[in-house]
>>> print(open('query_13.txt').read())   # compact mmCIF, C-alpha atoms (C1' of nucleotides)
# COMPACT_ATOMS: atom_id res chain seq x y z
CA MET A 1356 284.39 198.92 125.06
CA LYS A 1357 282.18 201.82 124.10
CA ILE A 1358 279.12 203.46 125.58
CA SER A 1359 276.36 203.30 122.96
CA THR A 1360 274.48 206.32 121.64
CA LYS A 1361 271.52 205.32 123.79
CA GLY A 1362 273.58 205.77 126.93
CA ARG A 1363 275.08 209.05 125.81
CA TYR A 1364 271.72 210.36 124.66
CA ALA A 1365 270.09 209.32 127.94
CA ILE A 1366 272.50 211.57 129.80
CA ARG A 1367 271.86 214.43 127.37
CA ILE A 1368 268.10 214.00 127.78
CA MET A 1369 268.43 214.20 131.54
CA LEU A 1370 270.68 217.26 131.26
CA ASP A 1371 268.25 218.91 128.87
CA LEU A 1372 265.31 218.24 131.18
CA ALA A 1373 267.24 219.71 134.10
CA LEU A 1374 268.47 222.78 132.25
CA ASN A 1375 265.07 223.64 130.80
CA ASP A 1376 262.99 222.79 133.82
CA LYS A 1377 260.46 225.56 134.37
CA GLY A 1378 257.99 223.43 136.29
CA ASP A 1379 255.97 222.24 133.31
CA PHE A 1380 256.38 219.22 131.07
CA ILE A 1381 258.91 219.40 128.25
CA PRO A 1382 257.86 217.79 124.94
CA LEU A 1383 260.34 215.61 123.06
CA LYS A 1384 260.00 217.93 120.09
CA ASN A 1385 261.84 220.64 122.01
CA ILE A 1386 264.57 218.28 123.18
CA SER A 1387 264.90 217.00 119.63
CA GLU A 1388 265.50 220.51 118.28
CA ARG A 1389 268.02 221.39 120.96
CA GLN A 1390 269.91 218.12 120.91
CA GLY A 1391 269.66 217.16 117.24
CA ILE A 1392 268.22 213.74 117.95
CA SER A 1393 265.07 212.46 116.21
CA VAL A 1394 261.87 212.47 118.24
CA LYS A 1395 261.35 208.82 117.45
CA TYR A 1396 264.71 207.81 118.84
CA LEU A 1397 264.27 210.03 121.88
CA GLU A 1398 260.95 208.30 122.51
CA GLN A 1399 262.66 204.96 122.71
CA ILE A 1400 265.22 206.16 125.21
CA VAL A 1401 262.99 208.31 127.38
CA THR A 1402 260.58 205.40 127.72
CA LEU A 1403 263.34 203.45 129.43
CA LEU A 1404 264.06 206.38 131.72
CA GLN A 1405 260.39 206.57 132.59
CA LYS A 1406 260.05 202.88 133.36
CA ALA A 1407 262.97 203.31 135.74
CA GLY A 1408 261.12 206.16 137.45
CA PHE A 1409 263.75 208.72 136.47
CA VAL A 1410 261.26 210.93 134.61
CA LYS A 1411 257.50 211.28 134.62
CA SER A 1412 255.36 211.91 131.57
CA LEU A 1413 252.14 213.64 130.61
CA ARG A 1414 250.29 212.74 127.42
CA GLY A 1415 248.33 215.00 125.16
CA ASN A 1416 248.54 218.70 124.52
CA ASN A 1417 251.11 220.49 126.67
CA GLY A 1418 252.39 217.08 127.60
CA GLY A 1419 255.99 215.97 127.77
CA TYR A 1420 258.52 214.83 130.33
CA ARG A 1421 259.93 216.07 133.60
CA LEU A 1422 262.53 214.89 136.12
CA THR A 1423 261.17 213.20 139.21
CA LYS A 1424 264.07 214.12 141.46
CA THR A 1425 266.64 216.85 141.90
CA PRO A 1426 269.81 216.53 139.77
CA LYS A 1427 271.92 215.70 142.81
CA ASP A 1428 269.87 212.55 143.27
CA TYR A 1429 270.81 211.01 139.92
CA THR A 1430 274.17 209.33 139.51
CA ILE A 1431 275.49 209.01 135.99
CA GLY A 1432 276.04 205.34 136.64
CA GLY A 1433 272.36 204.98 137.42
CA ILE A 1434 271.38 206.65 134.18
CA LEU A 1435 273.82 204.64 132.08
CA ARG A 1436 272.74 201.29 133.51
CA ILE A 1437 269.21 201.90 132.26
CA THR A 1438 270.29 201.83 128.64
CA GLU A 1439 273.54 199.88 128.83
CA GLY A 1440 272.54 197.21 131.32
CA ASN A 1441 275.11 196.20 133.92
CA LEU A 1442 278.26 198.08 133.09
CA VAL A 1443 280.67 195.23 133.60
CA PRO A 1444 283.70 194.87 131.31
CA VAL A 1445 283.39 191.06 131.00
CA SER A 1446 280.22 189.03 131.24
CA CYS A 1447 281.48 186.58 133.83
CA LEU A 1448 281.19 189.42 136.35
CA ALA A 1449 277.54 189.92 135.48
CA ASP A 1450 275.78 186.64 136.09
CA ALA A 1451 276.43 184.61 139.18
CA VAL A 1452 280.08 183.75 139.06
CA ASN A 1453 279.31 180.03 139.12
CA THR A 1454 278.83 179.96 135.34
CA CYS A 1455 282.57 179.84 134.74
CA PRO A 1456 284.32 176.64 135.81
CA ARG A 1457 287.72 178.33 135.87
CA VAL A 1458 286.84 180.70 138.67
CA ASP A 1459 289.14 179.31 141.34
CA LYS A 1460 292.27 179.44 139.28
CA CYS A 1461 291.37 182.24 136.90
CA LEU A 1462 294.31 184.60 136.78
CA THR A 1463 292.39 187.35 135.00
CA LEU A 1464 289.28 187.55 137.17
CA PRO A 1465 290.87 189.75 139.87
CA PHE A 1466 291.93 192.15 137.14
CA TRP A 1467 288.41 192.41 135.74
CA THR A 1468 286.94 192.78 139.19
CA GLY A 1469 289.32 195.66 139.85
CA LEU A 1470 288.48 197.29 136.53
CA GLN A 1471 284.80 197.04 137.28
CA LYS A 1472 285.38 198.71 140.62
CA VAL A 1473 287.24 201.75 139.31
CA ILE A 1474 284.55 202.25 136.66
CA LYS A 1475 281.73 201.82 139.15
CA ASP A 1476 283.33 204.13 141.70
CA TYR A 1477 283.74 206.82 139.09
CA ILE A 1478 280.33 206.70 137.43
CA ASP A 1479 278.42 206.25 140.66
CA GLY A 1480 280.42 209.03 142.24
CA THR A 1481 279.31 211.57 139.66
CA THR A 1482 275.82 213.06 139.70
CA LEU A 1483 273.78 214.85 137.08
CA TYR A 1484 274.36 218.00 139.12
CA ASP A 1485 278.13 217.64 138.75
CA LEU A 1486 277.71 217.62 134.98
CA LEU A 1487 275.40 220.61 135.02
CA LYS A 1488 277.97 222.64 136.91
CA GLY A 1489 280.54 221.98 134.26
CA PRO A 1490 284.29 221.68 134.68
CA ASP A 1491 284.78 225.29 135.72
CA GLY A 1492 282.61 224.88 138.80
CA GLY A 1493 279.58 226.40 137.14
CA GLU A 1494 279.85 230.10 137.94
CA ASN A 1495 277.31 230.94 135.24
CA PHE A 1496 274.98 228.09 135.91
CA CYS A 1497 271.84 228.34 137.99
CA ILE A 1498 269.33 225.65 138.92
CA MET B 254 280.80 198.49 127.26
CA LYS B 255 282.36 195.08 127.09
CA ILE B 256 285.81 193.77 126.34
CA SER B 257 285.52 191.34 123.40
CA THR B 258 286.68 187.76 123.46
CA LYS B 259 289.69 188.78 121.37
CA GLY B 260 290.88 191.05 124.16
CA ARG B 261 290.29 188.52 126.87
CA TYR B 262 291.89 185.75 124.86
CA ALA B 263 294.91 187.93 124.08
CA ILE B 264 295.58 188.25 127.79
CA ARG B 265 295.16 184.51 128.29
CA ILE B 266 297.56 183.81 125.43
CA MET B 267 300.16 186.06 126.99
CA LEU B 268 299.65 184.45 130.39
CA ASP B 269 299.91 181.00 128.86
CA LEU B 270 303.12 181.89 127.05
CA ALA B 271 304.57 183.26 130.27
CA LEU B 272 303.53 180.34 132.45
CA ASN B 273 304.79 177.69 130.04
CA ASP B 274 307.95 179.42 128.98
CA LYS B 275 310.79 176.91 129.00
CA GLY B 276 312.94 178.75 126.54
CA ASP B 277 311.58 177.16 123.37
CA PHE B 278 308.69 178.09 121.13
CA ILE B 279 305.18 177.11 122.19
CA PRO B 280 302.85 175.92 119.40
CA LEU B 281 299.27 177.17 119.29
CA LYS B 282 298.09 173.58 119.51
CA ASN B 283 299.29 173.43 123.11
CA ILE B 284 297.74 176.74 124.01
CA SER B 285 294.52 175.62 122.36
CA GLU B 286 294.36 172.49 124.51
CA ARG B 287 295.11 174.32 127.71
CA GLN B 288 292.84 177.29 127.08
CA GLY B 289 290.00 175.66 125.17
CA ILE B 290 290.22 178.08 122.26
CA SER B 291 290.41 176.86 118.65
CA VAL B 292 293.79 177.00 116.96
CA LYS B 293 292.29 178.98 114.11
CA TYR B 294 290.97 181.70 116.38
CA LEU B 295 294.21 181.78 118.37
CA GLU B 296 296.06 182.28 115.10
CA GLN B 297 294.08 185.40 114.37
CA ILE B 298 294.77 186.92 117.77
CA VAL B 299 298.40 185.94 118.13
CA THR B 300 299.13 187.42 114.71
CA LEU B 301 298.07 190.80 116.09
CA LEU B 302 300.30 190.32 119.11
CA GLN B 303 303.19 189.47 116.85
CA LYS B 304 302.70 192.49 114.59
CA ALA B 305 302.85 194.61 117.74
CA GLY B 306 306.16 192.98 118.66
CA PHE B 307 304.73 191.42 121.81
CA VAL B 308 305.59 187.87 120.74
CA LYS B 309 307.97 186.33 118.25
CA SER B 310 307.26 183.29 116.12
CA LEU B 311 309.03 180.40 114.50
CA ARG B 312 307.52 178.52 111.60
CA GLY B 313 307.74 174.86 110.83
CA ASN B 314 308.41 171.86 113.00
CA ASN B 315 309.07 172.73 116.65
CA GLY B 316 307.82 176.19 115.82
CA GLY B 317 305.45 178.31 117.83
CA TYR B 318 305.42 181.54 119.78
CA ARG B 319 307.38 183.08 122.61
CA LEU B 320 307.26 186.34 124.57
CA THR B 321 309.77 188.97 123.53
CA LYS B 322 309.97 190.67 126.92
CA THR B 323 309.66 189.82 130.58
CA PRO B 324 306.11 189.83 132.00
CA LYS B 325 306.80 192.97 134.02
CA ASP B 326 307.29 194.84 130.75
CA TYR B 327 303.78 194.24 129.43
CA THR B 328 300.90 196.32 130.71
CA ILE B 329 297.44 194.84 130.37
CA GLY B 330 296.36 198.08 128.73
CA GLY B 331 299.01 197.59 126.09
CA ILE B 332 297.79 194.09 125.35
CA LEU B 333 294.13 195.07 125.26
CA ARG B 334 294.69 197.98 122.89
CA ILE B 335 296.09 195.61 120.29
CA THR B 336 292.78 193.83 119.89
CA GLU B 337 290.33 196.45 121.12
CA GLY B 338 291.83 199.54 119.56
CA ASN B 339 291.86 202.70 121.64
CA LEU B 340 290.00 201.89 124.83
CA VAL B 341 287.97 205.08 125.01
CA PRO B 342 284.39 204.98 126.28
CA VAL B 343 283.07 207.42 123.65
CA SER B 344 284.44 207.95 120.19
CA CYS B 345 284.76 211.73 120.44
CA LEU B 346 287.73 211.10 122.74
CA ALA B 347 289.43 208.97 120.11
CA ASP B 348 289.83 211.13 117.03
CA ALA B 349 291.03 214.66 117.25
CA VAL B 350 288.48 216.46 119.38
CA ASN B 351 287.74 218.89 116.58
CA THR B 352 285.26 216.49 114.99
CA CYS B 353 282.53 217.48 117.43
CA PRO B 354 281.19 221.03 117.10
CA ARG B 355 279.78 220.99 120.62
CA VAL B 356 283.16 220.68 122.31
CA ASP B 357 283.26 224.08 123.99
CA LYS B 358 279.94 223.80 125.69
CA CYS B 359 279.66 220.03 125.97
CA LEU B 360 278.60 219.24 129.51
CA THR B 361 279.36 215.54 129.20
CA LEU B 362 282.87 215.68 127.76
CA PRO B 363 284.62 216.25 131.10
CA PHE B 364 282.81 213.22 132.49
CA TRP B 365 283.98 211.02 129.62
CA THR B 366 287.50 212.34 129.88
CA GLY B 367 287.52 211.46 133.56
CA LEU B 368 286.16 208.01 132.90
CA GLN B 369 288.81 207.42 130.29
CA LYS B 370 291.46 208.43 132.78
CA VAL B 371 290.42 206.05 135.56
CA ILE B 372 290.26 203.18 133.07
CA LYS B 373 293.61 204.07 131.55
CA ASP B 374 295.30 204.47 134.92
CA TYR B 375 294.06 201.08 136.02
CA ILE B 376 294.82 199.03 132.93
CA ASP B 377 298.18 200.68 132.30
CA GLY B 378 299.07 200.30 135.95
CA THR B 379 298.69 196.54 135.88
CA THR B 380 301.30 194.30 134.26
CA LEU B 381 301.22 190.74 133.04
CA TYR B 382 303.42 189.91 136.01
CA ASP B 383 300.76 191.21 138.41
CA LEU B 384 298.27 188.79 136.91
CA LEU B 385 300.69 185.89 137.05
CA LYS B 386 301.24 186.44 140.75
CA GLY B 387 297.53 186.16 141.37
CA PRO B 388 295.48 187.88 144.07
CA ASP B 389 297.20 186.07 146.94
CA GLY B 390 300.58 187.47 146.10
CA GLY B 391 301.69 184.38 144.28
CA GLU B 392 303.45 182.39 146.96
CA ASN B 393 303.39 179.27 144.82
CA PHE B 394 304.25 180.93 141.56
CA CYS B 395 307.71 181.07 140.08
CA ILE B 396 308.91 182.74 136.92
C1' DC C 616 232.80 217.96 120.99
C1' DT C 617 236.30 218.34 117.89
C1' DA C 618 240.90 219.54 116.44
C1' DT C 619 245.51 219.23 117.84
C1' DA C 620 249.66 218.07 120.09
C1' DA C 621 251.68 215.13 122.51
C1' DT C 622 252.99 210.24 124.55
C1' DA C 623 252.56 204.88 124.06
C1' DC C 624 253.01 200.78 121.71
C1' DT C 625 254.44 197.52 118.20
C1' DA C 626 256.92 196.40 114.44
C1' DC C 627 260.46 196.60 111.19
C1' DC C 628 265.17 197.27 109.08
C1' DA C 629 270.04 198.32 107.40
C1' DA C 630 274.68 198.57 108.76
C1' DA C 631 278.32 197.33 111.69
C1' DT C 632 280.51 194.34 114.89
C1' DT C 633 281.55 189.97 117.00
C1' DA C 634 283.05 185.51 117.12
C1' DG C 635 284.37 182.66 114.89
C1' DT C 636 285.42 178.72 110.56
C1' DA C 637 287.84 177.12 106.25
C1' DG C 638 291.35 176.15 103.03
C1' DG C 639 295.59 176.34 101.38
C1' DA C 640 300.52 178.25 100.92
C1' DA C 641 305.06 178.75 102.98
C1' DT C 642 308.64 177.07 105.96
C1' DA C 643 311.68 174.83 109.41
C1' DG C 644 313.44 170.58 111.31
C1' DC C 645 314.06 165.66 111.18
C1' DG D 538 310.54 164.45 101.41
C1' DC D 539 307.50 164.16 105.51
C1' DT D 540 305.49 166.54 109.18
C1' DA D 541 304.32 170.12 112.17
C1' DT D 542 303.87 174.42 112.35
C1' DT D 543 302.99 179.50 111.10
C1' DC D 544 301.08 182.71 107.50
C1' DC D 545 297.59 184.53 104.49
C1' DT D 546 293.08 185.29 102.51
C1' DA D 547 288.37 184.52 102.53
C1' DC D 548 283.96 183.65 104.20
C1' DT D 549 279.89 183.65 107.41
C1' DA D 550 276.22 183.28 111.00
C1' DA D 551 274.56 185.65 114.90
C1' DT D 552 274.15 189.68 117.54
C1' DT D 553 274.13 194.48 118.48
C1' DT D 554 273.54 199.17 117.17
C1' DG D 555 271.16 202.93 115.59
C1' DG D 556 267.72 204.00 114.06
C1' DT D 557 262.58 204.61 111.12
C1' DA D 558 257.41 203.90 110.56
C1' DG D 559 252.71 203.56 111.61
C1' DT D 560 249.03 203.64 114.56
C1' DA D 561 246.59 204.01 118.95
C1' DT D 562 245.76 206.63 123.02
C1' DT D 563 245.17 210.69 125.74
C1' DA D 564 245.01 215.48 127.45
C1' DT D 565 244.05 220.26 126.58
C1' DA D 566 242.22 224.34 124.13
C1' DG D 567 238.76 226.34 121.79
>>> encode(input="query_13.txt", output="structure tokens")
Amino acid sequence: MKISTKGRYAIRIMLDLALNDKGDFIPLKNISERQGISVKYLEQIVTLLQKAGFVKSLRGNNGGYRLTKTPKDYTIGGILRITEGNLVPVSCLADAVNTCPRVDKCLTLPFWTGLQKVIKDYIDGTTLYDLLKGPDGGENFCI
Amino acid sequence: MKISTKGRYAIRIMLDLALNDKGDFIPLKNISERQGISVKYLEQIVTLLQKAGFVKSLRGNNGGYRLTKTPKDYTIGGILRITEGNLVPVSCLADAVNTCPRVDKCLTLPFWTGLQKVIKDYIDGTTLYDLLKGPDGGENFCI
DNA sequence: CTATAATACTACCAAATTAGTAGGAATAGC
DNA sequence: GCTATTCCTACTAATTTGGTAGTATTATAG
């Protein structure tokens, strides 16, 4: 019942790209130094973000990565699902429900469905911008 | 971000013990047949429940397991924590927070704290009795 | 046009976790 | 003493996690 490092790092990459956005592309080397994550591992994660259209890349000298949208347009749930897959607490909620023969009389399914909902509501109700602001409302933050 | 089989089975064991409670001890063999889980694996899980004082056991012939409290007195969160450990989404919430040097300026920590809270509120706000009743209010259930 | 700095792609790997199985010892009731 | 049960200690195969490594490709600067 844990979020993996990939998920946590994906959020930090997105935050880093937002905080250091000066209009040009940001190389992984810089993110690596700031975040203390190896370039090679960042590569793996940012590739997923790119395939999802969350960031765009430029190869070669002065290349790097950049957000494709404004921070308010990314939900944390959206970011996490890229690395974590469907964020359901039990797998019978993931695939079509027909896989489990107990469905009709399953006493636990409603509980899991409810758990999934509170998680989904929370993570999809928080945007990258909310995180950037910080808990204090972000009086010394500017984007 | 999944609940393991141990956690799910722990809930089903507790439900089974509640549903089939006739005052005497229920052997794992019966639970195994009803739930389709091997006796050996049930053993492993029910031992944890017993060490937590959630069930009591009797060895030997006519032995088995029994709940120690009424279903309303078990929260699902309490049951899950026995097999899953602390149910926190990221480990920095588990140990004393001092382990992470980024705490002060960590932009993601408030998000994780909030996620932990919605999960905790939900799982600790649901009891075994709520599951027994079922989603329809349990008109044909009697305990 | 060449050197350099970056992404892109493919492969590999060690450690931890998950989901069990196996065998035998202890014990309670008949 | 027989039987049905819990109790205890190992063991293990498969999967997931958390990375590392090497090479190819590409864009820019000079």
>>> atom_distance(input="query_13.txt", atom1="CA of Tyr375 in chain B", atom2="CA of Cys345 in chain B")
21.0 Å
>>> residues_around(input="query_13.txt", residues="range 1383-1388 of chain A", least_positions_apart="3", cutoff="9 Å", atoms="only C-alpha atoms (C1' of nucleotides)", output="count of residues only")
14
>>> residues_around(input="query_13.txt", residues="Met1369 in chain A", least_positions_apart="5", cutoff="12 Å", atoms="only C-alpha atoms (C1' of nucleotides)", output="ChimeraX atom specification")
/A:1362-1364,1374-1376,1381,1383,1386,1390,1397,1400-1401,1404-1405,1409-1411,1420-1431,1433-1435,1482-1484,1486-1487 /B:360-361
>>> atom_distance(input="query_13.txt", atom1="CA of Ile264 in chain B", atom2="CA of Pro342 in chain B")
20.2 Å
>>> closest_residue(input="query_13.txt", among="B:Ile256, B:Ala271, B:Leu311, B:Leu301", to="DT543 in chain D", atoms="all atoms listed in the file")
B:Leu311
>>> atom_distance(input="query_13.txt", atom1="C1' of DT562 in chain D", atom2="C1' of DA626 in chain C")
17.4 Å
>>> residues_around(input="query_13.txt", residues="DC545 in chain D", least_positions_apart="3", cutoff="12 Å", atoms="all atoms listed in the file", output="ChimeraX atom specification")
/B:296-297,300 /C:638-641
>>> write_last_selection(input="query_13.txt", atoms="C-alpha atoms (C1' of nucleotides)", output="short mmCIF file (atom, residue, chain, number, x, y, z; two decimals), in the coordinates of the input")
data_model
loop_
_atom_site.label_atom_id
_atom_site.label_comp_id
_atom_site.auth_asym_id
_atom_site.auth_seq_id
_atom_site.Cartn_x
_atom_site.Cartn_y
_atom_site.Cartn_z
CA GLU B 296 296.06 182.28 115.10
CA GLN B 297 294.08 185.40 114.37
CA THR B 300 299.13 187.42 114.71
"C1'" DG C 638 291.35 176.15 103.03
"C1'" DG C 639 295.59 176.34 101.38
"C1'" DA C 640 300.52 178.25 100.92
"C1'" DA C 641 305.06 178.75 102.98
#
>>> closest_residue(input="query_13.txt", among="A:Lys1488, A:Arg1367, A:Lys1377, A:Lys1357", to="chain C", atoms="all atoms listed in the file")
A:Lys1357
>>> interface_residues(input="query_13.txt", of="chain D", to="chain B", cutoff="9 Å", atoms="only C-alpha atoms (C1' of nucleotides)", output="JSON, numbers by chain")
{"D": [540, 541, 542, 543, 544]}
>>> axis_aligned_box(input="query_13.txt", around="range 547-561 of chain D", padding_each_side="5 Å", output="lines of an AutoDock Vina configuration file")
center_x = 267.5
center_y = 193.9
center_z = 110.7
size_x = 51.8
size_y = 31.3
size_z = 26.4
>>> closest_residue(input="query_13.txt", among="A:Phe1380, A:Lys1361, A:Ser1446, A:Thr1468", to="chain C", atoms="all atoms listed in the file")
A:Phe1380
>>> interface_residues(input="query_13.txt", of="chain C", to="chain B", cutoff="8 Å", atoms="all atoms listed in the file", output="PyMOL selection string")
chain C and resi 633-636+642-644
>>> residues_around(input="query_13.txt", residues="DG567 in chain D", least_positions_apart="4", cutoff="12 Å", atoms="only C-alpha atoms (C1' of nucleotides)", output="list in words")
DC616, DT617, DA618 and DT619 of chain C
>>> closest_residue(input="query_13.txt", among="B:Arg334, B:Arg287, B:Asp389, B:Val371", to="chain A", atoms="all atoms listed in the file")
B:Val371
>>> residues_around(input="query_13.txt", residues="DC628 in chain C", least_positions_apart="5", cutoff="12 Å", atoms="only C-alpha atoms (C1' of nucleotides)", output="VMD selection string")
chain D and resid 554 to 558
>>> closest_residue(input="query_13.txt", among="A:Asp1379, A:Thr1438, A:Gly1489, A:Gly1408", to="chain B", atoms="all atoms listed in the file")
A:Gly1489
>>> closest_residue(input="query_13.txt", among="B:Ile376, B:Met254, B:Gly276, B:Lys358", to="Val1445 in chain A", atoms="all atoms listed in the file")
B:Met254
>>> build_atoms(input="query_13.txt", residues="range 254-270 of chain B", atoms="N, CA and C atoms", output="PDB file, in the coordinates of the input")
ATOM      1  N   MET B 254     279.803 198.225 126.207  1.00  0.00           N
ATOM      2  CA  MET B 254     280.800 198.490 127.260  1.00  0.00           C
ATOM      3  C   MET B 254     281.438 197.191 127.727  1.00  0.00           C
ATOM      4  N   LYS B 255     281.751 196.373 126.762  1.00  0.00           N
ATOM      5  CA  LYS B 255     282.360 195.080 127.090  1.00  0.00           C
ATOM      6  C   LYS B 255     283.700 194.938 126.365  1.00  0.00           C
ATOM      7  N   ILE B 256     284.590 194.185 127.006  1.00  0.00           N
ATOM      8  CA  ILE B 256     285.810 193.770 126.340  1.00  0.00           C
ATOM      9  C   ILE B 256     285.455 192.528 125.516  1.00  0.00           C
ATOM     10  N   SER B 257     285.870 192.481 124.264  1.00  0.00           N
ATOM     11  CA  SER B 257     285.520 191.340 123.400  1.00  0.00           C
ATOM     12  C   SER B 257     286.348 190.112 123.761  1.00  0.00           C
ATOM     13  N   THR B 258     285.932 188.987 123.201  1.00  0.00           N
ATOM     14  CA  THR B 258     286.680 187.760 123.460  1.00  0.00           C
ATOM     15  C   THR B 258     288.127 187.890 122.979  1.00  0.00           C
ATOM     16  N   LYS B 259     288.315 188.610 121.883  1.00  0.00           N
ATOM     17  CA  LYS B 259     289.690 188.780 121.370  1.00  0.00           C
ATOM     18  C   LYS B 259     290.592 189.387 122.430  1.00  0.00           C
ATOM     19  N   GLY B 260     290.089 190.397 123.119  1.00  0.00           N
ATOM     20  CA  GLY B 260     290.880 191.050 124.160  1.00  0.00           C
ATOM     21  C   GLY B 260     291.160 190.126 125.324  1.00  0.00           C
ATOM     22  N   ARG B 261     290.118 189.428 125.737  1.00  0.00           N
ATOM     23  CA  ARG B 261     290.290 188.520 126.870  1.00  0.00           C
ATOM     24  C   ARG B 261     291.213 187.369 126.507  1.00  0.00           C
ATOM     25  N   TYR B 262     291.045 186.856 125.292  1.00  0.00           N
ATOM     26  CA  TYR B 262     291.890 185.750 124.860  1.00  0.00           C
ATOM     27  C   TYR B 262     293.336 186.207 124.689  1.00  0.00           C
ATOM     28  N   ALA B 263     293.545 187.423 124.244  1.00  0.00           N
ATOM     29  CA  ALA B 263     294.910 187.930 124.080  1.00  0.00           C
ATOM     30  C   ALA B 263     295.639 187.894 125.417  1.00  0.00           C
ATOM     31  N   ILE B 264     294.960 188.290 126.467  1.00  0.00           N
ATOM     32  CA  ILE B 264     295.580 188.250 127.790  1.00  0.00           C
ATOM     33  C   ILE B 264     295.889 186.814 128.187  1.00  0.00           C
ATOM     34  N   ARG B 265     294.948 185.916 127.909  1.00  0.00           N
ATOM     35  CA  ARG B 265     295.160 184.510 128.290  1.00  0.00           C
ATOM     36  C   ARG B 265     296.294 183.887 127.479  1.00  0.00           C
ATOM     37  N   ILE B 266     296.440 184.295 126.238  1.00  0.00           N
ATOM     38  CA  ILE B 266     297.560 183.810 125.430  1.00  0.00           C
ATOM     39  C   ILE B 266     298.884 184.267 126.047  1.00  0.00           C
ATOM     40  N   MET B 267     298.930 185.523 126.397  1.00  0.00           N
ATOM     41  CA  MET B 267     300.160 186.060 126.990  1.00  0.00           C
ATOM     42  C   MET B 267     300.474 185.377 128.308  1.00  0.00           C
ATOM     43  N   LEU B 268     299.451 185.149 129.120  1.00  0.00           N
ATOM     44  CA  LEU B 268     299.650 184.450 130.390  1.00  0.00           C
ATOM     45  C   LEU B 268     300.138 183.023 130.148  1.00  0.00           C
ATOM     46  N   ASP B 269     299.533 182.373 129.175  1.00  0.00           N
ATOM     47  CA  ASP B 269     299.910 181.000 128.860  1.00  0.00           C
ATOM     48  C   ASP B 269     301.364 180.915 128.396  1.00  0.00           C
ATOM     49  N   LEU B 270     301.741 181.865 127.541  1.00  0.00           N
ATOM     50  CA  LEU B 270     303.120 181.890 127.050  1.00  0.00           C
ATOM     51  C   LEU B 270     304.100 182.129 128.200  1.00  0.00           C
TER      52      LEU B 270
END
